[in-house]
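Quick look at coords26.cif (mmCIF, C-alpha atoms and all ligand atoms):
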data_work
loop_
_atom_site.label_atom_id
_atom_site.label_comp_id
_atom_site.auth_asym_id
_atom_site.auth_seq_id
_atom_site.Cartn_x
_atom_site.Cartn_y
_atom_site.Cartn_z
CA MET A 1 -49.18 42.11 24.87
CA ASN A 2 -51.37 41.91 27.92
CA SER A 3 -53.81 44.75 27.37
CA LEU A 4 -54.49 45.39 31.07
CA VAL A 5 -50.98 46.36 32.05
CA GLN A 6 -49.17 46.61 28.72
CA ARG A 7 -46.62 44.05 29.83
CA ALA A 8 -44.99 41.46 27.56
CA TYR A 9 -45.77 37.77 27.93
CA ASN A 10 -42.27 37.18 29.27
CA PHE A 11 -40.91 33.62 29.24
CA ASN A 12 -37.26 34.64 29.30
CA ALA A 13 -34.95 32.09 30.94
CA GLY A 14 -33.04 34.69 32.97
CA PRO A 15 -32.93 37.57 33.48
CA SER A 16 -36.66 37.03 33.56
CA ALA A 17 -39.99 38.47 34.64
CA LEU A 18 -40.18 40.45 37.87
CA PRO A 19 -43.44 41.02 39.76
CA LEU A 20 -45.23 44.09 38.42
CA ALA A 21 -46.03 45.23 41.98
CA VAL A 22 -42.31 45.22 42.80
CA LEU A 23 -41.40 47.20 39.70
CA GLU A 24 -44.09 49.73 40.50
CA LYS A 25 -42.88 50.14 44.06
CA ALA A 26 -39.27 50.52 42.87
CA LYS A 27 -40.43 53.16 40.40
CA GLN A 28 -42.24 55.04 43.11
CA GLU A 29 -39.20 54.93 45.42
CA LEU A 30 -36.59 55.48 42.74
CA ILE A 31 -35.87 59.17 43.20
CA ASP A 32 -36.55 59.60 46.89
CA PHE A 33 -36.03 56.40 48.82
CA ARG A 34 -38.11 56.57 52.00
CA GLY A 35 -37.42 60.23 52.71
CA THR A 36 -33.64 60.09 52.19
CA GLY A 37 -33.81 62.46 49.22
CA MET A 38 -31.88 60.02 47.08
CA SER A 39 -32.34 56.75 45.30
CA VAL A 40 -31.36 53.49 46.95
CA MET A 41 -28.54 53.35 44.36
CA GLU A 42 -27.15 56.60 45.72
CA LEU A 43 -27.11 55.59 49.39
CA SER A 44 -23.84 54.67 51.05
CA HIS A 45 -23.69 50.94 51.64
CA ARG A 46 -22.57 51.87 55.18
CA SER A 47 -25.67 53.99 55.87
CA ALA A 48 -28.40 52.96 58.29
CA ALA A 49 -31.03 53.26 55.53
CA TYR A 50 -29.16 50.78 53.31
CA GLU A 51 -28.30 48.44 56.16
CA GLU A 52 -31.98 48.11 56.91
CA VAL A 53 -32.66 47.08 53.30
CA HIS A 54 -29.78 44.59 53.41
CA ASN A 55 -30.67 42.99 56.73
CA ASN A 56 -34.34 42.88 55.89
CA ALA A 57 -33.59 40.91 52.70
CA ILE A 58 -31.50 38.41 54.68
CA ALA A 59 -34.19 38.04 57.36
CA LEU A 60 -36.94 37.53 54.78
CA LEU A 61 -35.02 34.82 52.95
CA LYS A 62 -34.38 33.05 56.26
CA GLU A 63 -38.06 33.25 57.10
CA LEU A 64 -39.40 32.15 53.71
CA LEU A 65 -37.08 29.16 53.40
CA SER A 66 -37.14 28.29 57.14
CA ILE A 67 -33.35 28.45 57.16
CA PRO A 68 -31.99 26.96 60.41
CA GLU A 69 -29.94 29.07 62.85
CA ASN A 70 -26.66 27.38 61.95
CA TYR A 71 -26.73 28.76 58.40
CA GLU A 72 -25.78 32.13 56.98
CA VAL A 73 -27.22 33.96 54.02
CA LEU A 74 -24.58 35.71 51.89
CA PHE A 75 -24.96 38.14 49.00
CA LEU A 76 -22.14 37.61 46.51
CA GLN A 77 -21.36 38.64 42.95
CA GLY A 78 -20.16 36.75 39.88
CA GLY A 79 -23.35 34.74 39.32
CA GLY A 80 -23.78 31.00 39.51
CA SER A 81 -20.71 30.80 37.27
CA LEU A 82 -18.31 32.16 39.91
CA GLN A 83 -19.80 29.70 42.41
CA PHE A 84 -18.67 26.90 40.06
CA SER A 85 -15.11 28.03 40.92
CA MET A 86 -15.57 29.21 44.51
CA VAL A 87 -17.03 25.89 45.64
CA PRO A 88 -14.02 23.73 44.70
CA MET A 89 -11.55 26.50 45.52
CA ASN A 90 -12.86 26.66 49.08
CA PHE A 91 -13.79 23.06 49.75
CA MET A 92 -11.76 20.65 47.60
CA LYS A 93 -8.11 20.51 48.59
CA PRO A 94 -5.54 19.31 46.01
CA GLY A 95 -5.79 15.53 45.69
CA GLU A 96 -9.24 15.37 47.25
CA LYS A 97 -12.23 13.96 45.39
CA ALA A 98 -15.66 15.53 45.01
CA GLY A 99 -18.66 13.90 43.38
CA TYR A 100 -20.65 15.73 40.71
CA ILE A 101 -24.13 14.56 39.74
CA MET A 102 -24.36 15.34 36.05
CA THR A 103 -27.82 16.41 34.89
CA GLY A 104 -27.11 19.03 32.23
CA SER A 105 -24.91 21.75 30.80
CA TRP A 106 -24.67 23.71 34.07
CA SER A 107 -23.47 20.60 35.92
CA GLU A 108 -20.86 20.19 33.16
CA LYS A 109 -19.68 23.77 33.63
CA ALA A 110 -19.45 23.30 37.41
CA PHE A 111 -17.50 20.07 36.89
CA SER A 112 -15.02 21.69 34.47
CA GLU A 113 -14.16 24.36 37.04
CA ALA A 114 -13.71 21.75 39.77
CA LYS A 115 -11.12 19.94 37.64
CA LEU A 116 -8.86 22.99 38.05
CA PHE A 117 -8.65 22.47 41.81
CA GLY A 118 -8.79 18.77 42.67
CA ASP A 119 -10.06 15.43 41.48
CA PRO A 120 -13.81 15.60 40.82
CA TYR A 121 -15.66 12.62 39.35
CA HIS A 122 -19.15 11.87 38.02
CA VAL A 123 -21.36 10.29 40.69
CA VAL A 124 -23.78 9.56 37.85
CA SER A 125 -24.60 11.20 34.54
CA THR A 126 -27.82 11.14 32.54
CA LYS A 127 -26.09 12.49 29.42
CA GLU A 128 -26.61 9.20 27.56
CA SER A 129 -30.35 9.98 27.61
CA GLN A 130 -29.82 13.60 26.47
CA TYR A 131 -30.29 14.71 30.08
CA ARG A 132 -33.98 13.85 29.93
CA ARG A 133 -34.11 12.67 33.52
CA ILE A 134 -33.01 13.17 37.10
CA PRO A 135 -31.25 10.08 38.50
CA GLN A 136 -32.84 7.82 41.13
CA PHE A 137 -31.32 7.93 44.62
CA ASP A 138 -30.04 4.34 44.24
CA GLU A 139 -27.90 5.42 41.29
CA LEU A 140 -25.90 7.78 43.50
CA GLN A 141 -22.68 5.94 44.34
CA TYR A 142 -20.12 8.10 46.10
CA ASN A 143 -17.28 7.83 48.62
CA PRO A 144 -17.69 8.70 52.31
CA THR A 145 -14.36 10.55 52.06
CA ASP A 146 -15.48 12.90 49.27
CA ALA A 147 -14.97 16.62 49.94
CA TYR A 148 -18.58 17.16 48.84
CA ILE A 149 -21.31 16.09 46.43
CA HIS A 150 -22.60 18.70 43.97
CA LEU A 151 -25.97 18.71 42.19
CA THR A 152 -28.00 21.08 40.02
CA SER A 153 -31.52 21.21 41.43
CA ASN A 154 -33.18 22.47 38.22
CA ASN A 155 -31.75 22.07 34.76
CA THR A 156 -32.69 25.27 33.02
CA ILE A 157 -31.73 24.10 29.53
CA TYR A 158 -33.16 20.55 29.57
CA GLY A 159 -36.20 21.26 31.74
CA THR A 160 -35.69 18.69 34.48
CA GLN A 161 -35.93 19.23 38.24
CA TRP A 162 -35.21 17.22 41.38
CA LYS A 163 -38.44 16.50 43.28
CA ASP A 164 -36.64 15.51 46.47
CA PHE A 165 -33.02 15.50 47.54
CA PRO A 166 -30.78 12.72 48.84
CA VAL A 167 -29.41 12.60 52.37
CA THR A 168 -25.62 12.39 52.08
CA GLY A 169 -24.75 12.00 55.77
CA ASP A 170 -21.28 13.32 56.60
CA VAL A 171 -20.48 14.22 53.00
CA PRO A 172 -21.49 17.87 52.44
CA LEU A 173 -24.22 18.26 49.82
CA ILE A 174 -23.91 21.40 47.67
CA ALA A 175 -26.58 22.57 45.25
CA ASP A 176 -26.80 25.02 42.40
CA MET A 177 -30.39 26.23 42.79
CA SER A 178 -30.04 29.11 40.33
CA SER A 179 -33.20 28.30 38.44
CA ASP A 180 -35.60 27.00 41.08
CA ILE A 181 -34.76 28.51 44.45
CA LEU A 182 -37.93 29.53 46.31
CA SER A 183 -40.18 27.84 43.77
CA LYS A 184 -41.10 25.03 46.19
CA PRO A 185 -40.30 24.13 49.78
CA PHE A 186 -37.28 21.95 50.55
CA ASP A 187 -35.30 20.95 53.60
CA VAL A 188 -32.35 23.35 53.82
CA SER A 189 -30.72 21.16 56.47
CA LYS A 190 -29.91 18.48 53.87
CA PHE A 191 -27.41 20.89 52.34
CA SER A 192 -24.11 22.39 53.43
CA LEU A 193 -24.23 25.04 50.74
CA ILE A 194 -26.88 26.29 48.33
CA TYR A 195 -26.19 28.97 45.76
CA ALA A 196 -28.28 30.79 43.18
CA GLY A 197 -27.96 33.74 40.86
CA ALA A 198 -30.90 36.04 41.63
CA GLN A 199 -31.99 36.74 38.07
CA LYS A 200 -34.57 34.00 37.67
CA ASN A 201 -36.60 33.64 40.86
CA LEU A 202 -35.27 36.25 43.26
CA GLY A 203 -34.67 39.56 41.53
CA PRO A 204 -32.43 41.20 38.96
CA SER A 205 -29.03 39.91 37.83
CA GLY A 206 -25.95 41.01 39.75
CA VAL A 207 -26.68 39.40 43.11
CA THR A 208 -25.84 35.79 43.94
CA VAL A 209 -27.31 34.26 47.07
CA ALA A 210 -25.40 31.66 49.07
CA ILE A 211 -26.90 29.81 52.02
CA ILE A 212 -24.07 28.15 53.87
CA ARG A 213 -23.76 26.05 57.01
CA LYS A 214 -21.52 27.89 59.45
CA ASP A 215 -19.25 24.94 60.25
CA LEU A 216 -18.43 24.49 56.54
CA ILE A 217 -17.15 28.06 56.34
CA GLU A 218 -14.54 27.24 58.97
CA LYS A 219 -13.30 24.20 57.02
CA ALA A 220 -12.47 26.12 53.85
CA ASN A 221 -9.03 26.40 52.29
CA PRO A 222 -7.43 29.59 53.74
CA ASN A 223 -4.95 30.11 50.89
CA ILE A 224 -7.23 31.68 48.32
CA PRO A 225 -7.98 35.30 47.34
CA THR A 226 -9.87 37.29 49.97
CA MET A 227 -12.90 38.04 47.81
CA LEU A 228 -13.30 34.36 46.90
CA LYS A 229 -13.50 33.14 50.50
CA TYR A 230 -16.99 32.57 51.88
CA SER A 231 -15.53 33.48 55.28
CA THR A 232 -14.71 37.03 54.12
CA HIS A 233 -18.35 37.66 53.25
CA SER A 234 -19.65 35.85 56.29
CA LYS A 235 -17.47 37.82 58.74
CA ASN A 236 -18.63 41.08 57.17
CA ASN A 237 -22.36 40.42 56.73
CA SER A 238 -21.76 40.56 52.94
CA LEU A 239 -20.51 44.14 53.32
CA TYR A 240 -16.75 43.51 52.97
CA ASN A 241 -16.77 45.52 49.78
CA THR A 242 -19.52 47.46 48.00
CA PRO A 243 -22.40 45.06 47.41
CA PRO A 244 -24.84 45.37 44.47
CA THR A 245 -27.15 47.54 46.56
CA PHE A 246 -29.95 48.09 44.06
CA GLY A 247 -30.13 44.38 43.26
CA ILE A 248 -30.30 43.51 46.96
CA TYR A 249 -33.06 46.10 47.44
CA MET A 250 -35.03 44.54 44.56
CA LEU A 251 -34.42 41.06 45.95
CA GLY A 252 -35.83 42.17 49.31
CA GLU A 253 -38.89 43.58 47.57
CA VAL A 254 -39.43 40.33 45.63
CA LEU A 255 -39.22 38.43 48.93
CA SER A 256 -41.78 40.79 50.51
CA TRP A 257 -44.05 40.17 47.53
CA ILE A 258 -43.73 36.41 48.06
CA LYS A 259 -44.53 36.80 51.75
CA GLU A 260 -47.61 38.82 50.91
CA LEU A 261 -48.75 36.18 48.42
CA GLY A 262 -48.78 33.70 51.30
CA GLY A 263 -45.18 32.46 51.30
CA ILE A 264 -43.56 29.57 49.56
CA HIS A 265 -46.55 27.19 49.78
CA ALA A 266 -48.83 29.64 48.00
CA LEU A 267 -46.15 30.19 45.40
CA THR A 268 -45.71 26.44 44.83
CA GLU A 269 -49.41 26.02 44.24
CA ARG A 270 -49.33 28.86 41.72
CA ASN A 271 -46.25 27.43 40.01
CA GLU A 272 -47.89 24.00 39.74
CA GLU A 273 -51.03 25.45 38.22
CA LYS A 274 -49.02 27.50 35.73
CA ALA A 275 -46.85 24.60 34.59
CA LYS A 276 -49.89 22.30 34.35
CA LEU A 277 -51.51 24.59 31.79
CA ILE A 278 -48.57 24.20 29.43
CA TYR A 279 -47.82 20.52 30.13
CA GLU A 280 -51.48 19.75 29.42
CA ALA A 281 -51.25 21.47 26.06
CA ILE A 282 -48.28 19.18 25.30
CA ASP A 283 -49.80 15.97 26.69
CA GLN A 284 -53.18 16.43 25.03
CA SER A 285 -51.70 17.22 21.61
CA ASN A 286 -51.42 13.57 20.43
CA GLY A 287 -47.75 14.06 19.63
CA PHE A 288 -48.07 17.42 17.87
CA TYR A 289 -45.96 18.76 20.73
CA PHE A 290 -43.64 16.51 22.69
CA GLY A 291 -41.70 17.27 25.86
CA HIS A 292 -37.94 16.82 26.22
CA ALA A 293 -37.96 15.72 29.87
CA GLU A 294 -39.30 12.38 31.11
CA VAL A 295 -42.62 13.01 32.84
CA GLU A 296 -41.38 12.19 36.40
CA SER A 297 -38.42 14.55 35.98
CA ARG A 298 -40.31 17.52 34.54
CA SER A 299 -39.45 20.97 35.79
CA LEU A 300 -42.00 23.42 37.11
CA MET A 301 -39.72 26.25 36.02
CA ASN A 302 -38.53 25.49 32.49
CA ILE A 303 -40.90 23.64 30.18
CA THR A 304 -38.94 22.27 27.22
CA PHE A 305 -40.68 20.82 24.18
CA ARG A 306 -40.57 20.33 20.43
CA VAL A 307 -43.13 20.66 17.68
CA LYS A 308 -43.56 17.49 15.59
CA ASP A 309 -41.53 18.66 12.59
CA GLU A 310 -38.87 21.28 12.11
CA GLU A 311 -40.69 23.51 9.65
CA LEU A 312 -43.75 23.65 11.90
CA GLU A 313 -41.52 24.40 14.85
CA LYS A 314 -40.04 27.41 13.05
CA LYS A 315 -43.55 28.58 12.21
CA PHE A 316 -44.66 28.04 15.83
CA LEU A 317 -41.79 30.13 17.18
CA ALA A 318 -42.36 32.88 14.63
CA GLU A 319 -46.08 33.06 15.39
CA ALA A 320 -45.50 32.94 19.13
CA LYS A 321 -43.20 35.94 18.77
CA LYS A 322 -45.76 37.77 16.65
CA GLU A 323 -48.41 37.16 19.32
CA GLY A 324 -46.17 38.80 21.92
CA PHE A 325 -44.70 35.70 23.65
CA VAL A 326 -41.09 36.54 24.43
CA GLY A 327 -38.25 34.08 25.11
CA VAL A 328 -39.91 30.89 23.84
CA ASN A 329 -36.91 29.67 21.82
CA GLY A 330 -35.01 26.80 23.43
CA HIS A 331 -31.44 27.46 24.64
CA ARG A 332 -29.10 28.00 21.71
CA SER A 333 -27.24 24.76 22.54
CA VAL A 334 -30.30 22.49 22.15
CA GLY A 335 -32.91 24.35 20.09
CA GLY A 336 -36.62 23.57 20.32
CA CYS A 337 -38.98 25.54 22.52
CA ARG A 338 -38.85 26.49 26.18
CA ALA A 339 -41.25 28.39 28.40
CA SER A 340 -39.64 29.55 31.64
CA THR A 341 -42.41 29.90 34.18
CA TYR A 342 -40.49 31.34 37.12
CA ASN A 343 -42.16 32.65 40.27
CA ALA A 344 -43.00 36.09 38.90
CA VAL A 345 -44.51 34.89 35.60
CA PRO A 346 -48.26 35.50 35.98
CA TYR A 347 -50.83 32.71 35.67
CA GLU A 348 -52.50 34.69 32.85
CA THR A 349 -49.29 34.63 30.80
CA CYS A 350 -49.17 30.82 31.00
CA LYS A 351 -52.88 30.55 30.23
CA ALA A 352 -52.51 32.74 27.16
CA PHE A 353 -49.60 30.63 25.98
CA SER A 354 -51.37 27.30 26.48
CA GLU A 355 -54.34 28.68 24.54
CA PHE A 356 -52.02 29.82 21.78
CA MET A 357 -50.47 26.31 21.66
CA VAL A 358 -53.88 24.66 21.29
CA GLN A 359 -54.97 27.13 18.65
CA PHE A 360 -51.74 26.74 16.67
CA GLN A 361 -52.20 22.97 16.72
CA ASN A 362 -55.81 23.21 15.56
CA VAL A 363 -54.83 25.32 12.59
CA ASN A 364 -51.66 23.45 11.64
CA GLN A 365 -52.09 19.75 12.36
C1 LIG B 401 -28.78 26.22 36.77
C2 LIG B 401 -27.88 27.34 36.40
N1 LIG B 401 -26.69 27.47 37.01
C3 LIG B 401 -25.84 28.46 36.72
C4 LIG B 401 -26.14 29.39 35.75
C5 LIG B 401 -25.16 30.48 35.43
O1 LIG B 401 -25.54 31.59 36.09
P1 LIG B 401 -24.88 33.04 35.90
O2 LIG B 401 -25.23 33.51 34.54
O3 LIG B 401 -25.52 33.80 37.02
O4 LIG B 401 -23.42 32.88 36.10
C6 LIG B 401 -27.37 29.33 35.10
C7 LIG B 401 -27.74 30.35 34.10
O5 LIG B 401 -28.75 30.29 33.45
C8 LIG B 401 -28.25 28.27 35.43
O6 LIG B 401 -29.45 28.16 34.83
#
Rewrite the structure from the file as structure tokens, please.
Ligand SMILES: Cc1ncc(COP(=O)(O)O)c(C=O)c1O
Amino acid sequence: MNSLVQRAYNFNAGPSALPLAVLEKAKQELIDFRGTGMSVMELSHRSAAYEEVHNNAIALLKELLSIPENYEVLFLQGGGSLQFSMVPMNFMKPGEKAGYIMTGSWSEKAFSEAKLFGDPYHVVSTKESQYRRIPQFDELQYNPTDAYIHLTSNNTIYGTQWKDFPVTGDVPLIADMSSDILSKPFDVSKFSLIYAGAQKNLGPSGVTVAIIRKDLIEKANPNIPTMLKYSTHSKNNSLYNTPPTFGIYMLGEVLSWIKELGGIHALTERNEEKAKLIYEAIDQSNGFYFGHAEVESRSLMNITFRVKDEELEKKFLAEAKKEGFVGVNGHRSVGGCRASTYNAVPYETCKAFSEFMVQFQNVNQ
């Protein structure tokens, strides 16, 4: 445990660490939210006090990501997983094709849902290399008539991340950014739709953010359930039904915290420094630790690695747990080790972990 604040060294993959300052503010406001005499959870979602929270969160996200005027920010529910269905339901008509860039298990899940609605295909897949890499742009072969191209910007389980994104011209580009949104700057205008569950980089679970180009909303299939249409949420400022008000409040507070830190550029610098600490412990270990991802495809958010033999790996994970490092086991589908170093994970947590890695190696090699 970190003795200063009695907080765990939290490397959970999601839900994950939240900024301490945000938690403290939420605690302070919990019982009497800004003079209303009630908690934010008890406010009507139609009240002026809540609407301010809601609109402030939208405005902050627009500001931090420099989202152009012709896009809308929506707050949805159902997580990234419901987006896997909503995307094809809205934008792939029966018989149409959509290209999926396959870079991991979450791309596979998105693809499986799309098969229920139309004729998706793999633009490219890096499965043959155990999803160790992000494809090169020249590997992306798709059709100009595709309904859209879908990619996963950060592969939470395999620890790979796109460094830049392709330009797909008239074919809408759609991204699942669940595990790296707001971790580094990117050009929103390359995308028609971006979605992300909040529980890694933006706030608590229960809120899903969608950033959608307005003209795409108009092109959606009208014959689908009301709650699953992006247009329903867009027409109603994400207040068609009761939104997850506390989650949206927390998301707004996380965004304010990012703004105070100096915005996305300051955050990127911090994220790079944090990830470097752990990647260095891997790279300087002479093979005691080895990373899963190819170096050029490495993620700044999820650092995946193995220890040189299985028995030592078990010992490493057990000792890490004993030392207070939480969430260091790899995803149950792949095993190994993973440190998720999302935006709110402090530098000190990563430093303590890299020191632990070096020390464990010194004692056990
Ligand atoms: C990249 C990615 N997409 C989608 C999901 C699924 O998100 P949810 O649990 O919000 O449905 C996850 C969950 O970890 C993820 O990492």
Contacts with ligand LIG 401 (chain B) at most 6 Å, only C-alpha atoms and all ligand atoms counted, listed as a PyMOL selection string: chain A and resi 79-81+106+154-156+176+178-179+197
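Distances to A:Met102 were evaluated for A:Leu255, A:Ile149, A:Leu64, A:Met86 using all atoms listed in the file, and the minimum falls at A:Ile149.
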Two-atom distance - atom CA of A:Pro225, atom CA of A:Tyr195 (Å): 19.3 Å
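The protein and nucleic acid residues lying at most 8 Å from stretch 42-50 of chain A are Met38, His54, Leu239, Thr242, Pro243 and Thr245 of chain A, with all atoms listed in the file considered and sequence neighbours fewer than 4 positions away removed.
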Nearest residue to A:Gly247 from the set A:Met92, A:Val207, A:Val328, A:Ile157 (distances using all atoms listed in the file): A:Val207
Would you save stretch 108-136 of chain A to a file, keeping N, CA and C atoms, as an mmCIF file, in the first residue's frame?
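Okay, out-v1.cif is ready:
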data_model
loop_
_atom_site.group_PDB
_atom_site.id
_atom_site.type_symbol
_atom_site.label_atom_id
_atom_site.label_comp_id
_atom_site.auth_asym_id
_atom_site.auth_seq_id
_atom_site.Cartn_x
_atom_site.Cartn_y
_atom_site.Cartn_z
ATOM 1 N N GLU A 108 -12.793 -9.405 -32.153
ATOM 2 C CA GLU A 108 -13.526 -10.638 -32.479
ATOM 3 C C GLU A 108 -14.969 -10.548 -31.982
ATOM 4 N N LYS A 109 -15.122 -9.990 -30.777
ATOM 5 C CA LYS A 109 -16.489 -9.875 -30.231
ATOM 6 C C LYS A 109 -17.319 -8.908 -31.081
ATOM 7 N N ALA A 110 -16.698 -7.802 -31.485
ATOM 8 C CA ALA A 110 -17.406 -6.823 -32.328
ATOM 9 C C ALA A 110 -17.810 -7.483 -33.650
ATOM 10 N N PHE A 111 -16.901 -8.256 -34.220
ATOM 11 C CA PHE A 111 -17.148 -8.924 -35.498
ATOM 12 C C PHE A 111 -18.309 -9.921 -35.376
ATOM 13 N N SER A 112 -18.314 -10.696 -34.289
ATOM 14 C CA SER A 112 -19.385 -11.701 -34.109
ATOM 15 C C SER A 112 -20.756 -11.042 -34.081
ATOM 16 N N GLU A 113 -20.858 -9.900 -33.425
ATOM 17 C CA GLU A 113 -22.152 -9.203 -33.377
ATOM 18 C C GLU A 113 -22.549 -8.719 -34.764
ATOM 19 N N ALA A 114 -21.554 -8.222 -35.512
ATOM 20 C CA ALA A 114 -21.852 -7.683 -36.848
ATOM 21 C C ALA A 114 -22.415 -8.766 -37.759
ATOM 22 N N LYS A 115 -21.967 -10.009 -37.559
ATOM 23 C CA LYS A 115 -22.445 -11.104 -38.420
ATOM 24 C C LYS A 115 -23.955 -11.304 -38.294
ATOM 25 N N LEU A 116 -24.538 -10.831 -37.192
ATOM 26 C CA LEU A 116 -25.986 -10.988 -37.003
ATOM 27 C C LEU A 116 -26.782 -10.035 -37.898
ATOM 28 N N PHE A 117 -26.109 -9.014 -38.426
ATOM 29 C CA PHE A 117 -26.857 -7.953 -39.123
ATOM 30 C C PHE A 117 -26.534 -7.796 -40.603
ATOM 31 N N GLY A 118 -25.386 -8.276 -41.048
ATOM 32 C CA GLY A 118 -25.021 -8.059 -42.448
ATOM 33 C C GLY A 118 -23.899 -8.997 -42.825
ATOM 34 N N ASP A 119 -22.964 -8.487 -43.614
ATOM 35 C CA ASP A 119 -21.924 -9.355 -44.161
ATOM 36 C C ASP A 119 -20.541 -8.764 -43.861
ATOM 37 N N PRO A 120 -20.126 -8.815 -42.587
ATOM 38 C CA PRO A 120 -18.810 -8.244 -42.271
ATOM 39 C C PRO A 120 -17.689 -9.168 -42.743
ATOM 40 N N TYR A 121 -16.515 -8.611 -42.942
ATOM 41 C CA TYR A 121 -15.358 -9.435 -43.333
ATOM 42 C C TYR A 121 -14.122 -8.889 -42.628
ATOM 43 N N HIS A 122 -13.057 -9.680 -42.625
ATOM 44 C CA HIS A 122 -11.798 -9.240 -42.010
ATOM 45 C C HIS A 122 -10.997 -8.422 -43.022
ATOM 46 N N VAL A 123 -10.744 -7.171 -42.718
ATOM 47 C CA VAL A 123 -9.864 -6.355 -43.576
ATOM 48 C C VAL A 123 -8.458 -6.959 -43.485
ATOM 49 N N VAL A 124 -8.062 -7.263 -42.273
ATOM 50 C CA VAL A 124 -6.787 -7.929 -42.010
ATOM 51 C C VAL A 124 -6.889 -8.457 -40.577
ATOM 52 N N SER A 125 -6.133 -9.508 -40.295
ATOM 53 C CA SER A 125 -6.120 -10.028 -38.924
ATOM 54 C C SER A 125 -4.679 -10.336 -38.543
ATOM 55 N N THR A 126 -4.319 -10.008 -37.306
ATOM 56 C CA THR A 126 -2.963 -10.357 -36.852
ATOM 57 C C THR A 126 -3.021 -11.537 -35.882
ATOM 58 N N LYS A 127 -4.096 -12.327 -35.989
ATOM 59 C CA LYS A 127 -4.269 -13.478 -35.090
ATOM 60 C C LYS A 127 -3.142 -14.498 -35.261
ATOM 61 N N GLU A 128 -2.676 -14.651 -36.525
ATOM 62 C CA GLU A 128 -1.627 -15.671 -36.769
ATOM 63 C C GLU A 128 -0.369 -15.370 -35.959
ATOM 64 N N SER A 129 -0.183 -14.108 -35.538
ATOM 65 C CA SER A 129 0.976 -13.792 -34.686
ATOM 66 C C SER A 129 0.513 -13.527 -33.242
ATOM 67 N N GLN A 130 -0.503 -14.251 -32.818
ATOM 68 C CA GLN A 130 -1.068 -14.122 -31.457
ATOM 69 C C GLN A 130 -1.370 -12.661 -31.122
ATOM 70 N N TYR A 131 -1.824 -11.930 -32.117
ATOM 71 C CA TYR A 131 -2.207 -10.522 -31.925
ATOM 72 C C TYR A 131 -1.093 -9.712 -31.256
ATOM 73 N N ARG A 132 0.140 -9.979 -31.711
ATOM 74 C CA ARG A 132 1.272 -9.247 -31.119
ATOM 75 C C ARG A 132 1.479 -7.884 -31.755
ATOM 76 N N ARG A 133 0.758 -7.622 -32.868
ATOM 77 C CA ARG A 133 1.069 -6.378 -33.569
ATOM 78 C C ARG A 133 -0.181 -5.724 -34.153
ATOM 79 N N ILE A 134 -0.019 -4.439 -34.426
ATOM 80 C CA ILE A 134 -1.021 -3.637 -35.135
ATOM 81 C C ILE A 134 -0.622 -3.683 -36.612
ATOM 82 N N PRO A 135 -1.583 -3.873 -37.527
ATOM 83 C CA PRO A 135 -1.185 -3.959 -38.937
ATOM 84 C C PRO A 135 -0.643 -2.632 -39.489
ATOM 85 N N GLN A 136 0.142 -2.737 -40.548
ATOM 86 C CA GLN A 136 0.609 -1.543 -41.283
ATOM 87 C C GLN A 136 -0.556 -1.029 -42.139
#
